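What follows is the content of work-v1.txt (compact mmCIF, C-alpha atoms).
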# COMPACT_ATOMS: atom_id res chain seq x y z
CA MET A 697 61.34 -146.76 -59.96
CA PRO A 698 65.10 -147.42 -59.84
CA THR A 699 66.88 -146.14 -56.73
CA PHE A 700 69.34 -144.29 -58.97
CA LEU A 701 66.57 -142.04 -60.34
CA ILE A 702 65.22 -141.29 -56.87
CA LEU A 703 68.73 -140.37 -55.73
CA LEU A 704 69.03 -138.08 -58.74
CA LEU A 705 65.77 -136.35 -57.77
CA VAL A 706 67.01 -136.08 -54.17
CA ALA A 707 70.23 -134.43 -55.41
CA LEU A 708 68.27 -132.00 -57.60
CA SER A 709 66.00 -131.12 -54.66
CA ILE A 710 68.99 -130.52 -52.38
CA PHE A 711 70.52 -128.24 -54.99
CA LEU A 712 67.31 -126.21 -55.43
CA ILE A 713 66.69 -125.94 -51.68
CA GLY A 714 70.35 -124.91 -51.27
CA VAL A 715 69.69 -121.93 -53.54
CA PHE A 716 66.93 -120.73 -51.18
CA VAL A 717 69.04 -121.35 -48.09
CA PHE A 718 71.96 -119.29 -49.39
CA ARG A 719 69.95 -116.70 -51.36
CA PRO A 720 66.55 -116.41 -49.63
CA GLN A 721 66.01 -112.98 -51.22
CA VAL A 722 65.18 -114.67 -54.56
CA THR A 723 61.72 -115.40 -53.11
CA ALA A 724 60.92 -111.68 -53.45
CA THR A 725 59.97 -112.19 -57.12
CA ARG A 726 56.88 -114.09 -58.31
CA GLY A 727 59.00 -116.67 -60.11
CA GLY A 728 61.14 -117.10 -57.00
CA LYS A 729 58.03 -117.77 -54.88
CA MET A 730 56.81 -120.42 -57.32
CA THR A 731 60.20 -122.10 -57.44
CA ALA A 732 60.35 -122.00 -53.63
CA PHE A 733 57.01 -123.81 -53.50
CA LEU A 734 58.37 -126.42 -55.86
CA ALA A 735 61.66 -126.83 -53.98
CA LEU A 736 60.40 -126.61 -50.40
CA PHE A 737 57.07 -128.39 -50.74
CA ALA A 738 56.40 -130.33 -53.94
CA LEU A 739 59.82 -131.91 -54.56
CA PRO A 740 60.41 -133.07 -50.95
CA LEU A 741 56.93 -134.64 -50.89
CA LEU A 742 57.61 -136.36 -54.20
CA CYS A 743 61.01 -137.60 -52.99
CA PHE A 744 59.52 -138.91 -49.75
CA GLY A 745 56.65 -140.63 -51.56
CA MET A 746 58.89 -142.27 -54.13
CA GLY A 747 61.46 -143.19 -51.49
CA THR A 748 58.80 -144.76 -49.26
CA SER A 749 57.43 -146.76 -52.16
CA SER A 750 60.93 -147.96 -53.06
CA GLU A 751 61.73 -148.88 -49.44
CA LEU A 752 58.46 -150.76 -49.03
CA GLU A 753 59.15 -152.67 -52.22
CA HIS A 754 62.67 -153.46 -51.05
CA ALA A 755 61.29 -154.66 -47.69
CA LYS A 756 59.54 -157.50 -49.55
CA SER A 757 62.83 -158.98 -50.75
CA THR A 758 64.16 -162.29 -49.44
CA LYS A 759 67.53 -160.56 -48.93
CA PHE A 760 65.89 -157.98 -46.65
CA CYS A 761 64.20 -160.63 -44.47
CA LEU A 762 67.36 -162.72 -44.21
CA SER A 763 69.53 -159.71 -43.33
CA CYS A 764 68.72 -160.31 -39.64
CA HIS A 765 71.10 -162.88 -38.16
CA ILE A 766 68.25 -164.71 -36.44
CA MET A 767 66.65 -165.49 -39.83
CA GLU A 768 69.73 -167.23 -41.26
CA PRO A 769 68.51 -170.79 -40.52
CA TYR A 770 65.21 -169.97 -42.23
CA GLY A 771 67.15 -168.86 -45.30
CA LYS A 772 69.13 -172.09 -45.12
CA SER A 773 65.91 -174.13 -44.86
CA LEU A 774 64.95 -172.87 -48.33
CA ARG A 775 67.91 -174.76 -49.77
CA VAL A 776 67.38 -178.16 -48.15
CA ASP A 777 67.63 -180.89 -50.78
CA ASP A 778 64.34 -182.57 -49.90
CA PRO A 779 61.12 -182.11 -51.92
CA GLN A 780 59.01 -183.02 -48.88
CA ARG A 781 59.99 -179.77 -47.20
CA LEU A 782 57.35 -177.25 -48.15
CA ALA A 783 59.40 -174.03 -48.00
CA ALA A 784 62.37 -175.57 -49.85
CA ALA A 785 60.17 -177.10 -52.57
CA HIS A 786 58.40 -173.77 -53.15
CA PHE A 787 61.64 -171.78 -53.25
CA GLN A 788 63.66 -174.15 -55.41
CA ASN A 789 60.90 -174.78 -57.96
CA HIS A 790 59.94 -171.10 -58.21
CA ARG A 791 56.42 -171.74 -56.92
CA VAL A 792 57.09 -168.45 -55.17
CA PRO A 793 59.29 -165.72 -56.68
CA PRO A 794 62.73 -166.52 -55.18
CA GLY A 795 63.48 -162.82 -54.71
CA GLU A 796 60.35 -162.36 -52.57
CA ALA A 797 60.02 -165.86 -51.12
CA CYS A 798 59.41 -164.90 -47.47
CA TYR A 799 56.93 -162.14 -48.25
CA THR A 800 54.90 -164.23 -50.72
CA CYS A 801 53.99 -166.84 -48.10
CA HIS A 802 54.06 -164.69 -44.97
CA THR A 803 52.01 -161.72 -46.09
CA ASN A 804 48.32 -161.65 -45.42
CA TYR A 805 46.10 -161.86 -48.51
CA ALA A 806 43.18 -160.07 -46.93
CA MET A 807 42.17 -156.41 -47.04
CA PHE A 808 44.99 -154.30 -45.53
CA GLY A 809 47.04 -157.51 -45.39
CA GLY A 810 50.15 -155.75 -46.69
CA ILE A 811 49.87 -153.12 -43.93
CA LYS A 812 49.35 -155.86 -41.33
CA ALA A 813 52.46 -157.64 -42.62
CA LYS A 814 54.49 -154.42 -42.37
CA LEU A 815 53.28 -153.82 -38.80
CA GLY A 816 54.30 -157.39 -37.98
CA GLY A 817 57.72 -156.58 -39.44
CA LEU A 818 58.03 -153.53 -37.16
CA ARG A 819 57.27 -155.81 -34.22
CA HIS A 820 60.06 -158.16 -35.37
CA ILE A 821 62.52 -155.23 -35.43
CA TYR A 822 61.41 -154.12 -31.95
CA VAL A 823 61.89 -157.61 -30.51
CA TYR A 824 65.19 -158.10 -32.35
CA TYR A 825 66.83 -154.87 -31.20
CA LEU A 826 65.03 -153.96 -27.97
CA GLY A 827 63.51 -157.17 -26.68
CA THR A 828 64.76 -160.68 -26.08
CA PRO A 829 64.70 -162.52 -29.40
CA PRO A 830 64.00 -166.25 -29.13
CA ALA A 831 66.34 -168.86 -30.59
CA PRO A 832 65.56 -169.41 -34.32
CA GLU A 833 64.02 -172.83 -33.65
CA ASN A 834 61.66 -171.33 -31.05
CA ILE A 835 60.24 -168.63 -33.30
CA LYS A 836 56.49 -169.06 -33.67
CA LEU A 837 53.95 -167.33 -35.90
CA TYR A 838 51.77 -164.74 -34.15
CA GLU A 839 48.68 -166.52 -35.45
CA PRO A 840 48.23 -170.06 -36.82
CA TYR A 841 49.04 -170.14 -40.55
CA ASN A 842 45.90 -169.41 -42.54
CA ASN A 843 45.15 -171.59 -45.61
CA ARG A 844 44.04 -168.38 -47.36
CA GLU A 845 47.72 -167.62 -47.98
CA CYS A 846 48.22 -171.01 -49.75
CA LEU A 847 44.93 -170.79 -51.64
CA HIS A 848 45.81 -167.36 -52.97
CA CYS A 849 47.91 -169.26 -55.55
CA HIS A 850 46.70 -172.86 -55.35
CA ALA A 851 42.92 -172.42 -55.40
CA GLY A 852 41.63 -173.42 -58.81
CA SER A 853 44.85 -175.07 -59.89
CA ARG A 854 44.50 -178.59 -61.28
CA SER A 855 47.09 -180.21 -59.04
CA TYR A 856 45.28 -178.84 -56.00
CA GLU A 857 41.65 -179.35 -57.04
CA GLU A 858 42.18 -182.78 -58.62
CA GLY A 859 45.13 -184.11 -56.59
CA ALA A 860 44.62 -187.74 -55.53
CA VAL A 861 45.10 -187.05 -51.81
CA HIS A 862 42.97 -183.90 -51.89
CA THR A 863 40.03 -185.69 -53.56
CA ALA A 864 40.27 -189.00 -51.66
CA ASP A 865 38.08 -187.59 -48.89
CA PRO A 866 35.20 -185.45 -50.29
CA ASP A 867 35.14 -183.39 -47.08
CA LEU A 868 38.79 -182.40 -47.33
CA LEU A 869 38.70 -179.66 -49.99
CA PRO A 870 35.77 -177.79 -48.37
CA ALA A 871 37.52 -178.07 -44.98
CA LEU A 872 40.74 -176.67 -46.47
CA LYS A 873 38.87 -173.81 -48.14
CA ALA A 874 37.12 -172.99 -44.87
CA ASN A 875 40.47 -173.12 -43.02
CA LYS A 876 39.10 -175.86 -40.76
CA THR A 877 41.89 -178.27 -41.68
CA SER A 878 45.33 -176.71 -42.02
CA CYS A 879 47.38 -177.37 -45.16
CA ILE A 880 50.45 -177.61 -42.95
CA SER A 881 48.96 -180.06 -40.48
CA SER A 882 50.95 -183.17 -39.66
CA GLY A 883 50.62 -185.88 -42.30
CA CYS A 884 49.90 -183.33 -45.06
CA HIS A 885 52.49 -180.60 -45.70
CA GLY A 886 53.67 -180.62 -42.09
CA VAL A 887 57.38 -179.97 -42.59
CA VAL A 888 57.77 -176.33 -43.54
CA HIS A 889 61.06 -174.82 -42.28
CA ASP A 890 61.85 -177.11 -39.34
CA VAL A 891 65.09 -175.25 -38.61
CA ALA A 892 65.92 -177.43 -35.60
CA SER A 893 66.79 -180.35 -37.90
CA LEU A 894 69.02 -178.61 -40.46
CA LYS A 895 72.35 -179.89 -39.15
CA ASP A 896 72.61 -183.22 -40.93
CA LEU A 897 70.77 -182.40 -44.14
CA LYS A 898 72.00 -182.01 -47.71
CA PHE A 899 71.62 -178.62 -49.34
CA TRP A 900 70.92 -177.53 -52.89
CA LYS A 901 73.75 -175.44 -54.29
CA GLY A 902 71.97 -173.96 -57.34
CA GLY A 903 69.71 -170.99 -57.84
CA ASP A 904 72.19 -168.18 -57.08
CA MET B 1293 74.37 -116.79 -42.50
CA LEU B 1294 70.70 -116.63 -41.45
CA SER B 1295 68.78 -113.66 -42.85
CA THR B 1296 67.50 -110.85 -40.57
CA SER B 1297 64.07 -110.91 -42.23
CA PRO B 1298 61.77 -113.28 -40.27
CA LEU B 1299 60.19 -114.74 -43.43
CA GLU B 1300 63.53 -115.41 -45.10
CA ARG B 1301 64.92 -116.86 -41.86
CA GLN B 1302 62.00 -119.29 -41.63
CA LEU B 1303 62.50 -120.29 -45.26
CA GLN B 1304 66.19 -120.89 -44.61
CA LEU B 1305 65.45 -122.99 -41.52
CA SER B 1306 62.84 -124.97 -43.41
CA GLY B 1307 65.34 -125.50 -46.24
CA ILE B 1308 68.09 -126.68 -43.88
CA ILE B 1309 65.73 -129.16 -42.22
CA LEU B 1310 64.52 -130.43 -45.60
CA ILE B 1311 68.11 -130.84 -46.82
CA LEU B 1312 68.86 -132.93 -43.70
CA GLY B 1313 65.73 -135.01 -44.42
CA LEU B 1314 66.76 -135.51 -48.04
CA LEU B 1315 70.30 -136.49 -47.01
CA ALA B 1316 68.84 -138.98 -44.52
CA GLU B 1317 66.58 -140.36 -47.26
CA GLY B 1318 69.47 -140.63 -49.74
CA LEU B 1319 71.66 -142.49 -47.24
CA CYS B 1320 68.84 -144.84 -46.24
CA LEU B 1321 68.10 -145.65 -49.88
CA LEU B 1322 71.71 -146.79 -50.22
CA GLY B 1323 71.34 -149.04 -47.14
CA HIS B 1324 69.74 -152.48 -47.33
CA GLY B 1325 68.65 -153.59 -43.87
CA PRO B 1326 65.67 -152.99 -41.58
CA ILE B 1327 67.58 -150.24 -39.74
CA ALA B 1328 67.84 -148.23 -42.99
CA PHE B 1329 64.09 -148.67 -43.42
CA MET B 1330 63.38 -147.51 -39.85
CA LEU B 1331 65.68 -144.49 -40.19
CA PHE B 1332 64.04 -143.61 -43.49
CA VAL B 1333 60.55 -143.62 -41.99
CA GLY B 1334 61.51 -142.25 -38.55
CA VAL B 1335 64.27 -139.67 -39.03
CA GLY B 1336 63.54 -138.84 -42.70
CA GLY B 1337 59.78 -138.66 -42.15
CA ILE B 1338 60.05 -136.36 -39.12
CA LEU B 1339 62.53 -134.02 -40.83
CA PHE B 1340 60.32 -133.82 -43.93
CA ALA B 1341 57.21 -133.14 -41.85
CA VAL B 1342 58.91 -130.43 -39.77
CA GLY B 1343 60.54 -128.80 -42.82
CA ILE B 1344 57.34 -128.68 -44.85
CA PHE B 1345 55.29 -127.52 -41.85
CA LEU B 1346 57.79 -124.70 -41.21
CA TYR B 1347 57.63 -123.63 -44.86
CA LEU B 1348 53.82 -123.58 -44.87
CA TYR B 1349 53.80 -121.75 -41.52
CA SER B 1350 56.19 -119.13 -42.91
CA LEU B 1351 53.79 -118.56 -45.84
CA LEU B 1352 50.85 -118.20 -43.45
CA SER B 1353 52.64 -115.83 -41.10
CA ALA B 1354 53.84 -113.75 -44.07
CA GLY B 1355 50.24 -113.55 -45.33
CA VAL B 1356 48.98 -112.41 -41.90
CA ALA B 1357 51.74 -109.77 -41.61
CA HIS B 1358 50.95 -108.54 -45.13
CA SER B 1359 47.21 -108.18 -44.41
CA LYS B 1360 47.95 -106.22 -41.16
CA GLU B 1361 50.06 -103.75 -43.15
For this file, produce the structure as structure tokens.
Amino acid sequence: MPTFLILLLVALSIFLIGVFVFRPQVTATRGGKMTAFLALFALPLLCFGMGTSSELEHAKSTKFCLSCHIMEPYGKSLRVDDPQRLAAAHFQNHRVPPGEACYTCHTNYAMFGGIKAKLGGLRHIYVYYLGTPPAPENIKLYEPYNNRECLHCHAGSRSYEEGAVHTADPDLLPALKANKTSCISSGCHGVVHDVASLKDLKFWKGGD
Amino acid sequence: MLSTSPLERQLQLSGIILILGLLAEGLCLLGHGPIAFMLFVGVGGILFAVGIFLYLYSLLSAGVAHSKE
């Protein structure tokens, strides 16, 4: 739901609640009691629910993730002009939605994965504001990257299932599906963000 | 400004707290960073919970007082 409509509902709720704050005697009538229930219980719950949903949706945006200064190099790494770089190739070719690029690859596609991703985000905020944040190039994932996140989109696709490198070794595809061999292991798709080496690279200017 | 009747006073207090919660929510929805998100969930959520709890409590206490009469 657009933020504008939620703000309109918030304004309407404030107005109705204001009536009961300044004229509480209106609750003496039956109609007043019903309106009070609407204004002091139902509408605030609705506003909070819709607001939470909107905020959670907004928290998936690339803009939201890159709003922390420490994430700037990661945002820059999406624009490196090099198709061998996994994150840049996905972002620039819309293999992930550009507006939700970070979330698409870094959420967890398991049960309660979205909640787990949000809790991870809260941990980021804690470390960023109250802890000692590491330098961007020293940021590590909490857990090794799981192939499940790649296979959420790539499993079953022709380029993945029939790709020359993927089919050269008959044991490779089963090992990838079982997460025994990582997609981002060295020699495969090993260069993901690599923010330590951004200095001397060319960047793609399009896509804004 | 607050009413002398206990029930009406509780309704007014609940309303004031809910208005603060709604204002916090409105401001946070206009913001775009993680801090806005945290304030929305933390400050907004607590104000909403307290305001709604106070309203429901005022209904309960009014019901108890009414049955005693």
For atom CA of Val891 of chain A and atom CA of Lys772 of chain A, the interatomic separation in Å (one decimal): 8.3 Å
When the cut-off is 7 Å and we count all atoms listed in the file, which residues of chain A are near chain B, given as a PDB file with C-alpha atoms, in the frame of the given file?
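Okay, this is what ended up in iface_39.pdb:
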ATOM      1  CA  THR A 699      66.880-146.140 -56.730  1.00  0.00           C
ATOM      2  CA  LEU A 703      68.730-140.370 -55.730  1.00  0.00           C
ATOM      3  CA  VAL A 706      67.010-136.080 -54.170  1.00  0.00           C
ATOM      4  CA  ILE A 710      68.990-130.520 -52.380  1.00  0.00           C
ATOM      5  CA  ILE A 713      66.690-125.940 -51.680  1.00  0.00           C
ATOM      6  CA  PHE A 716      66.930-120.730 -51.180  1.00  0.00           C
ATOM      7  CA  VAL A 717      69.040-121.350 -48.090  1.00  0.00           C
ATOM      8  CA  PRO A 720      66.550-116.410 -49.630  1.00  0.00           C
ATOM      9  CA  LEU A 736      60.400-126.610 -50.400  1.00  0.00           C
ATOM     10  CA  PHE A 737      57.070-128.390 -50.740  1.00  0.00           C
ATOM     11  CA  GLU A 751      61.730-148.880 -49.440  1.00  0.00           C
ATOM     12  CA  PHE A 760      65.890-157.980 -46.650  1.00  0.00           C
ATOM     13  CA  SER A 763      69.530-159.710 -43.330  1.00  0.00           C
TER      14      SER A 763
END
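For the pair atom CA of Ala1316 of chain B and atom CA of Leu739 of chain A, the separation is 15.2 Å.
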So that I can see what lies close to segment 829-834 of chain A, please list as JSON, numbers by chain the residues with an atom at most 8 Å from it, counting only C-alpha atoms and leaving out residues fewer than 2 positions away in the same chain. {"A": [766, 767, 769, 770, 823, 824, 827, 836, 890, 891, 892]}
Atom pair atom CA of Trp900 of chain A / atom CA of Asp777 of chain A: separation (Å):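 Atom-to-atom, atom CA of Trp900 of chain A to atom CA of Asp777 of chain A, that is 5.2 Å.
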Set the distance at 12 Å and use all atoms listed in the file: which residues neighbour His848 of chain A once local chain neighbours fewer than 4 positions away are removed? I'd like the list as a ChimeraX atom specification. /A:792,800-806,842-844,852-853,856,873
Residues within 7 Å of Cys743 of chain A, only C-alpha atoms, excluding chain neighbours under 3 positions, as a PyMOL selection string: chain A and resi 702+705-706+739-740+746-747
When distances are computed from only C-alpha atoms, which of A:Leu894, A:Leu712, A:Ala864, A:Ser750 shows the smallest separation from Phe733 of chain A? A:Leu712
Provide an axis-aligned box for all listed atoms of segment 830-849 of chain A, padding each side by 3 Å; report its centre and its edge lengths in Å to one decimal, as AutoDock Vina command-line options.
--center_x 55.2 --center_y -168.8 --center_z -42.3 --size_x 28.3 --size_y 14.1 --size_z 32.4
